[in-house]
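Here the structure is laid out as structure tokens; the discussion comes afterwards.
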Amino acid sequence: MSPQDAVEGVVAFLRTIYAGWRRDTTVQKMRDDWDAAFAKRAQDWPVERFKIGGVNAEWIAAPDADPPRIILFLHGGGFRIGSIASHRDLIQRLSQASRAKILAIDYRLSPEHAFPAPVEDALAAWRWLLDQGHAPGRIAIAGDSAGGGLALSLMLAARTQNLPLPCAAWLMSPWTDMTASSASYDECAGADPLHQRAMILAMSKGYLGKADARDPLASPLFADLTGLPPLLLQCGAGEVLRDDSTLLAARACENGVHAEAQLYDDMIHVFQSYAELHAADEALTRGAEFLERCWRA
């Protein structure tokens, strides 16, 4: 199968989920459908389930994971859908690639819980890891899409509260700009089979409630990023959220932060989620190499 055929197969898979949704489909039905479709991809691993401040959490680790290596993973889904269950396969492959033990949380979702509820939950998980005695220099943060933006928001909130920061952050197609105002929304509109500006703005409105779309904790693209740890951003070169990565990386560098944006031709939003895509393996390998350098620093 060619890379393009593989991508088209993934897009078809996603569209079968979307096809079952109508205007009157409940949010809970969408969440259940999303979780069920992606949960089939995961392996049957033993997990440790518990709660952090009322939020569901899990430790997920590959058999050869090195326990001192920790990743706090924040899932995507537009702050509206998505969960540990929908991302378990990606988390498992991330653990295998990095040989790290991963803490994943089911932060609160909109519209029931608008901004800044997810930031508060992520910060609580970060405090929990520190309180458990895990060294911040051995903890990285990873997230995809909304979870990638949330990882940045978490670090900004931790910086404000004078908490130690992680050693690195690995962000997959991060959503960093709630205004959807960058050029890639126009330049990639014809190439992105999954997202368009109107859809992003609708999710933004649901998440923000009455908050300002340019609030740095909601849109880290507009934040002062000074003092953040090294950042790796990966995204598809043709997705409308491309500039959420490239502009963020550029602004991070302007603020004295080491940041690298890796663009993958012909890849879709959070392509790392699909093991059938060769580029997903490549991205996970490169991300694991990035974390290895940061853990050794």
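Every chain in the structure tokens has a letter given in the order shown (A, B, ...), and although residue numbers restart at 1 in each chain, ligands are simply numbered from 1 in the order shown.
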
message = Residues within 10 Å of Arg108 (chain A), please, as a VMD selection string. Count only C-alpha atoms; anything in the same chain fewer than 4 positions from it doesn't count.
response = chain A and resid 54 to 56 79 to 81 83 112 to 122

Selection: 12 Å around region 124-127 of chain A, only C-alpha atoms, excl. self and same-chain fewer than 2 positions, as a ChimeraX atom specification = /A:50-58,70-74,103-107,117-122,129-136,139-141,151,153-155,157-159,161-166

Same residues, C-alpha atoms, saved as a PDB file, in the first residue's frame:
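As a result, result25.pdb now contains:
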```
ATOM      1  CA  PHE A  50      -6.700   5.820  40.081  1.00  0.00           C
ATOM      2  CA  LYS A  51      -7.880   9.403  40.479  1.00  0.00           C
ATOM      3  CA  ILE A  52      -6.122  12.723  40.817  1.00  0.00           C
ATOM      4  CA  GLY A  53      -8.441  15.283  42.357  1.00  0.00           C
ATOM      5  CA  GLY A  54     -11.499  13.461  41.068  1.00  0.00           C
ATOM      6  CA  VAL A  55     -10.088  13.076  37.549  1.00  0.00           C
ATOM      7  CA  ASN A  56      -9.492   9.588  36.140  1.00  0.00           C
ATOM      8  CA  ALA A  57      -5.823   8.781  35.636  1.00  0.00           C
ATOM      9  CA  GLU A  58      -3.798   5.760  34.506  1.00  0.00           C
ATOM     10  CA  ILE A  70       8.016   9.720  33.038  1.00  0.00           C
ATOM     11  CA  ILE A  71       5.763  11.300  30.415  1.00  0.00           C
ATOM     12  CA  LEU A  72       2.601  13.164  31.360  1.00  0.00           C
ATOM     13  CA  PHE A  73       0.307  12.689  28.357  1.00  0.00           C
ATOM     14  CA  LEU A  74      -2.612  15.011  27.566  1.00  0.00           C
ATOM     15  CA  LEU A 103       0.685   9.073  33.164  1.00  0.00           C
ATOM     16  CA  ALA A 104      -2.504   9.855  31.243  1.00  0.00           C
ATOM     17  CA  ILE A 105      -5.491  11.791  32.587  1.00  0.00           C
ATOM     18  CA  ASP A 106      -9.108  12.323  31.570  1.00  0.00           C
ATOM     19  CA  TYR A 107      -9.265  16.064  32.162  1.00  0.00           C
ATOM     20  CA  ALA A 117     -10.956  23.620  33.763  1.00  0.00           C
ATOM     21  CA  PRO A 118      -8.628  21.450  31.619  1.00  0.00           C
ATOM     22  CA  VAL A 119      -5.652  23.646  32.578  1.00  0.00           C
ATOM     23  CA  GLU A 120      -6.539  23.231  36.252  1.00  0.00           C
ATOM     24  CA  ASP A 121      -6.735  19.435  35.875  1.00  0.00           C
ATOM     25  CA  ALA A 122      -3.435  19.238  34.003  1.00  0.00           C
ATOM     26  CA  LEU A 129       3.781  13.939  40.008  1.00  0.00           C
ATOM     27  CA  LEU A 130       6.009  16.363  41.902  1.00  0.00           C
ATOM     28  CA  ASP A 131       4.395  15.442  45.222  1.00  0.00           C
ATOM     29  CA  GLN A 132       5.043  11.763  44.450  1.00  0.00           C
ATOM     30  CA  GLY A 133       8.746  12.564  44.350  1.00  0.00           C
ATOM     31  CA  HIS A 134       9.340  12.313  40.612  1.00  0.00           C
ATOM     32  CA  ALA A 135      12.239  14.516  39.554  1.00  0.00           C
ATOM     33  CA  PRO A 136      11.079  17.201  37.092  1.00  0.00           C
ATOM     34  CA  ILE A 139       9.557  14.133  33.383  1.00  0.00           C
ATOM     35  CA  ALA A 140       8.478  15.178  29.911  1.00  0.00           C
ATOM     36  CA  ILE A 141       5.052  16.306  28.766  1.00  0.00           C
ATOM     37  CA  ALA A 151       0.697  20.922  27.567  1.00  0.00           C
ATOM     38  CA  SER A 153      -0.785  26.000  28.953  1.00  0.00           C
ATOM     39  CA  LEU A 154       0.162  23.705  31.816  1.00  0.00           C
ATOM     40  CA  MET A 155       3.794  24.792  31.644  1.00  0.00           C
ATOM     41  CA  ALA A 157       0.567  27.999  34.558  1.00  0.00           C
ATOM     42  CA  ALA A 158       3.300  26.100  36.413  1.00  0.00           C
ATOM     43  CA  ARG A 159       5.792  28.873  35.620  1.00  0.00           C
ATOM     44  CA  GLN A 161       3.140  29.490  40.259  1.00  0.00           C
ATOM     45  CA  ASN A 162       6.919  29.075  40.453  1.00  0.00           C
ATOM     46  CA  LEU A 163       6.696  25.299  40.100  1.00  0.00           C
ATOM     47  CA  PRO A 164       9.512  23.297  38.505  1.00  0.00           C
ATOM     48  CA  LEU A 165       9.026  22.655  34.804  1.00  0.00           C
ATOM     49  CA  PRO A 166       9.476  19.377  32.909  1.00  0.00           C
TER      50      PRO A 166
END
```

query = So, counting only C-alpha atoms, which residue among A:Ala65, A:Leu123, A:Tyr207, A:Gly147 is closest to Ile84 (chain A)?
reply = A:Gly147

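Considering the residues A:Leu232, A:Val11, A:Ala42, A:Ala168 and counting only C-alpha atoms, Ile268 (chain A) has its shortest atom-to-atom contact with A:Val11.
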
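With CA of Arg286 (chain A) on one side and CA of Arg99 (chain A) on the other, the separation reads 13.4 Å.
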
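Here the strand (DSSP E) residues in region 13-84 of chain A, by DSSP on the backbone, are Glu48, Arg49, Phe50, Lys51, Ile52, Val55, Asn56, Ala57, Glu58, Trp59, Ile60, Ala61, Ile70, Ile71, Leu72, Phe73 and Leu74 of chain A.
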
Can you spit out the residues from that selection as a PDB file, in the first residue's frame, using N, CA and C atoms?
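Dumped to out_33.pdb:
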```
ATOM      1  N   GLU A  48      -2.732   0.646  35.673  1.00  0.00           N
ATOM      2  CA  GLU A  48      -3.019   1.040  37.051  1.00  0.00           C
ATOM      3  C   GLU A  48      -3.927   2.264  37.003  1.00  0.00           C
ATOM      4  N   ARG A  49      -5.168   2.097  37.459  1.00  0.00           N
ATOM      5  CA  ARG A  49      -6.155   3.171  37.403  1.00  0.00           C
ATOM      6  C   ARG A  49      -6.345   3.787  38.788  1.00  0.00           C
ATOM      7  N   PHE A  50      -6.488   5.104  38.824  1.00  0.00           N
ATOM      8  CA  PHE A  50      -6.700   5.820  40.081  1.00  0.00           C
ATOM      9  C   PHE A  50      -7.256   7.199  39.738  1.00  0.00           C
ATOM     10  N   LYS A  51      -7.364   8.060  40.703  1.00  0.00           N
ATOM     11  CA  LYS A  51      -7.880   9.403  40.479  1.00  0.00           C
ATOM     12  C   LYS A  51      -6.915  10.439  41.032  1.00  0.00           C
ATOM     13  N   ILE A  52      -6.871  11.560  40.354  1.00  0.00           N
ATOM     14  CA  ILE A  52      -6.122  12.723  40.817  1.00  0.00           C
ATOM     15  C   ILE A  52      -7.121  13.865  40.927  1.00  0.00           C
ATOM     16  N   VAL A  55     -10.269  13.321  38.977  1.00  0.00           N
ATOM     17  CA  VAL A  55     -10.088  13.076  37.549  1.00  0.00           C
ATOM     18  C   VAL A  55      -9.475  11.687  37.349  1.00  0.00           C
ATOM     19  N   ASN A  56     -10.036  10.910  36.426  1.00  0.00           N
ATOM     20  CA  ASN A  56      -9.492   9.588  36.140  1.00  0.00           C
ATOM     21  C   ASN A  56      -8.069   9.698  35.601  1.00  0.00           C
ATOM     22  N   ALA A  57      -7.213   8.804  36.069  1.00  0.00           N
ATOM     23  CA  ALA A  57      -5.823   8.781  35.636  1.00  0.00           C
ATOM     24  C   ALA A  57      -5.369   7.331  35.506  1.00  0.00           C
ATOM     25  N   GLU A  58      -4.360   7.103  34.682  1.00  0.00           N
ATOM     26  CA  GLU A  58      -3.798   5.760  34.506  1.00  0.00           C
ATOM     27  C   GLU A  58      -2.292   5.851  34.318  1.00  0.00           C
ATOM     28  N   TRP A  59      -1.600   4.869  34.873  1.00  0.00           N
ATOM     29  CA  TRP A  59      -0.221   4.618  34.489  1.00  0.00           C
ATOM     30  C   TRP A  59      -0.240   3.583  33.378  1.00  0.00           C
ATOM     31  N   ILE A  60       0.423   3.869  32.277  1.00  0.00           N
ATOM     32  CA  ILE A  60       0.520   2.950  31.144  1.00  0.00           C
ATOM     33  C   ILE A  60       1.997   2.814  30.793  1.00  0.00           C
ATOM     34  N   ALA A  61       2.501   1.587  30.756  1.00  0.00           N
ATOM     35  CA  ALA A  61       3.933   1.412  30.531  1.00  0.00           C
ATOM     36  C   ALA A  61       4.213   0.161  29.725  1.00  0.00           C
ATOM     37  N   ILE A  70       9.448   9.482  32.932  1.00  0.00           N
ATOM     38  CA  ILE A  70       8.016   9.720  33.038  1.00  0.00           C
ATOM     39  C   ILE A  70       7.572  10.675  31.932  1.00  0.00           C
ATOM     40  N   ILE A  71       6.420  10.374  31.336  1.00  0.00           N
ATOM     41  CA  ILE A  71       5.763  11.300  30.415  1.00  0.00           C
ATOM     42  C   ILE A  71       4.354  11.542  30.928  1.00  0.00           C
ATOM     43  N   LEU A  72       3.980  12.791  31.098  1.00  0.00           N
ATOM     44  CA  LEU A  72       2.601  13.164  31.360  1.00  0.00           C
ATOM     45  C   LEU A  72       1.949  13.409  30.004  1.00  0.00           C
ATOM     46  N   PHE A  73       0.940  12.592  29.672  1.00  0.00           N
ATOM     47  CA  PHE A  73       0.307  12.689  28.357  1.00  0.00           C
ATOM     48  C   PHE A  73      -1.072  13.318  28.478  1.00  0.00           C
ATOM     49  N   LEU A  74      -1.331  14.304  27.608  1.00  0.00           N
ATOM     50  CA  LEU A  74      -2.612  15.011  27.566  1.00  0.00           C
ATOM     51  C   LEU A  74      -3.244  14.789  26.195  1.00  0.00           C
TER      52      LEU A  74
END
```

remark   = Counting only C-alpha atoms, the residue among A:Gly238, A:Gly206, A:Gly137, A:Pro68 that lies closest to Ala297 (chain A) is A:Gly137

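Remark: for Trp21 (chain A), the closest of the candidate residues A:Asp33, A:Gly82, A:Met1, A:Leu109 is A:Asp33 (distances computed over only C-alpha atoms).
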
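Shortest separation to Leu156 (chain A) among A:Pro193, A:Pro3, A:Gly143, A:Pro216 occurs at residue A:Pro216, atoms counted being only C-alpha atoms.
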
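Checking A:Leu217, A:Ala180, A:Ala191, A:Leu94 one by one against Asp265 (chain A), counting only C-alpha atoms, you find the shortest gap at A:Ala191.
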
Residues of region 65-193 of chain A in helix (DSSP H, G or I), written as a CSV table (one decimal) with C-alpha atoms, in the first residue's frame:
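result-v3.csv written:
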```csv
chain,number,residue,atom,x,y,z
A,84,ILE,CA,-7.5,7.9,27.7
A,85,ALA,CA,-9.5,5.1,26.0
A,86,SER,CA,-9.4,6.8,22.6
A,87,HIS,CA,-5.6,7.5,22.9
A,88,ARG,CA,-4.5,4.2,24.6
A,89,ASP,CA,-3.0,2.9,21.3
A,90,LEU,CA,-1.0,6.1,20.8
A,91,ILE,CA,0.1,6.1,24.4
A,92,GLN,CA,1.2,2.5,24.2
A,93,ARG,CA,3.3,3.1,21.1
A,94,LEU,CA,4.7,6.3,22.7
A,95,SER,CA,5.7,4.2,25.7
A,96,GLN,CA,7.4,1.6,23.5
A,97,ALA,CA,9.3,4.2,21.5
A,98,SER,CA,10.5,6.2,24.4
A,117,ALA,CA,-11.0,23.6,33.8
A,118,PRO,CA,-8.6,21.4,31.6
A,119,VAL,CA,-5.7,23.6,32.6
A,120,GLU,CA,-6.5,23.2,36.3
A,121,ASP,CA,-6.7,19.4,35.9
A,122,ALA,CA,-3.4,19.2,34.0
A,123,LEU,CA,-1.8,21.4,36.6
A,124,ALA,CA,-3.2,19.2,39.4
A,125,ALA,CA,-1.6,16.1,37.6
A,126,TRP,CA,1.7,18.0,37.4
A,127,ARG,CA,1.6,18.8,41.1
A,128,TRP,CA,0.7,15.2,41.9
A,129,LEU,CA,3.8,13.9,40.0
A,130,LEU,CA,6.0,16.4,41.9
A,131,ASP,CA,4.4,15.4,45.2
A,136,PRO,CA,11.1,17.2,37.1
A,137,GLY,CA,14.3,16.7,35.1
A,138,ARG,CA,13.1,13.2,34.4
A,146,ALA,CA,-5.9,20.2,22.0
A,147,GLY,CA,-3.7,18.2,24.4
A,148,GLY,CA,-0.6,19.7,22.8
A,149,GLY,CA,-1.9,23.2,23.4
A,150,LEU,CA,-2.8,22.1,26.9
A,151,ALA,CA,0.7,20.9,27.6
A,152,LEU,CA,1.9,24.4,26.8
A,153,SER,CA,-0.8,26.0,29.0
A,154,LEU,CA,0.2,23.7,31.8
A,155,MET,CA,3.8,24.8,31.6
A,156,LEU,CA,2.8,28.5,31.5
A,157,ALA,CA,0.6,28.0,34.6
A,158,ALA,CA,3.3,26.1,36.4
A,159,ARG,CA,5.8,28.9,35.6
A,160,THR,CA,3.4,31.5,37.0
A,184,SER,CA,-2.3,28.1,7.0
A,185,TYR,CA,-6.1,28.1,7.4
A,186,ASP,CA,-6.3,29.6,3.9
A,187,GLU,CA,-3.2,28.1,2.4
```

List the neighbours of Cys235 (chain A) out to 10 Å using only C-alpha atoms; skip same-chain residues closer than 3 positions along the sequence, and give me the result as a PDB file with C-alpha atoms, in the first residue's frame.
```
ATOM      1  CA  ASP A 144      -1.734  15.862  20.659  1.00  0.00           C
ATOM      2  CA  SER A 145      -3.958  18.563  19.158  1.00  0.00           C
ATOM      3  CA  LEU A 171       3.632  18.268  20.881  1.00  0.00           C
ATOM      4  CA  MET A 172       1.813  16.512  18.039  1.00  0.00           C
ATOM      5  CA  SER A 173      -0.219  18.824  15.780  1.00  0.00           C
ATOM      6  CA  PRO A 174      -0.786  21.121  18.767  1.00  0.00           C
ATOM      7  CA  GLY A 238      -0.718  20.392   4.697  1.00  0.00           C
ATOM      8  CA  GLU A 239      -2.971  20.621   7.738  1.00  0.00           C
ATOM      9  CA  VAL A 240      -4.723  23.870   8.526  1.00  0.00           C
ATOM     10  CA  LEU A 241      -3.194  23.870  12.004  1.00  0.00           C
ATOM     11  CA  ARG A 242       0.319  23.878  10.533  1.00  0.00           C
ATOM     12  CA  ASP A 243       1.068  27.422  11.668  1.00  0.00           C
ATOM     13  CA  ASP A 244      -0.039  26.575  15.203  1.00  0.00           C
ATOM     14  CA  SER A 245       3.231  24.624  15.253  1.00  0.00           C
ATOM     15  CA  THR A 246       5.538  26.639  13.027  1.00  0.00           C
ATOM     16  CA  ALA A 261       8.998  22.154  14.189  1.00  0.00           C
ATOM     17  CA  GLN A 262       9.067  18.971  12.104  1.00  0.00           C
ATOM     18  CA  LEU A 263       6.710  18.987   9.111  1.00  0.00           C
ATOM     19  CA  TYR A 264       5.634  15.765   7.422  1.00  0.00           C
ATOM     20  CA  ASP A 265       4.529  15.961   3.807  1.00  0.00           C
ATOM     21  CA  MET A 267       0.300  13.771   6.551  1.00  0.00           C
ATOM     22  CA  ILE A 268      -2.939  14.581   8.337  1.00  0.00           C
ATOM     23  CA  HIS A 269      -3.709  15.976  11.777  1.00  0.00           C
ATOM     24  CA  VAL A 270      -2.111  13.862  14.535  1.00  0.00           C
ATOM     25  CA  PHE A 271      -0.948  11.268  12.030  1.00  0.00           C
ATOM     26  CA  GLN A 272       1.047   9.635  14.856  1.00  0.00           C
ATOM     27  CA  ALA A 283       7.744  10.605  14.036  1.00  0.00           C
TER      28      ALA A 283
END
```
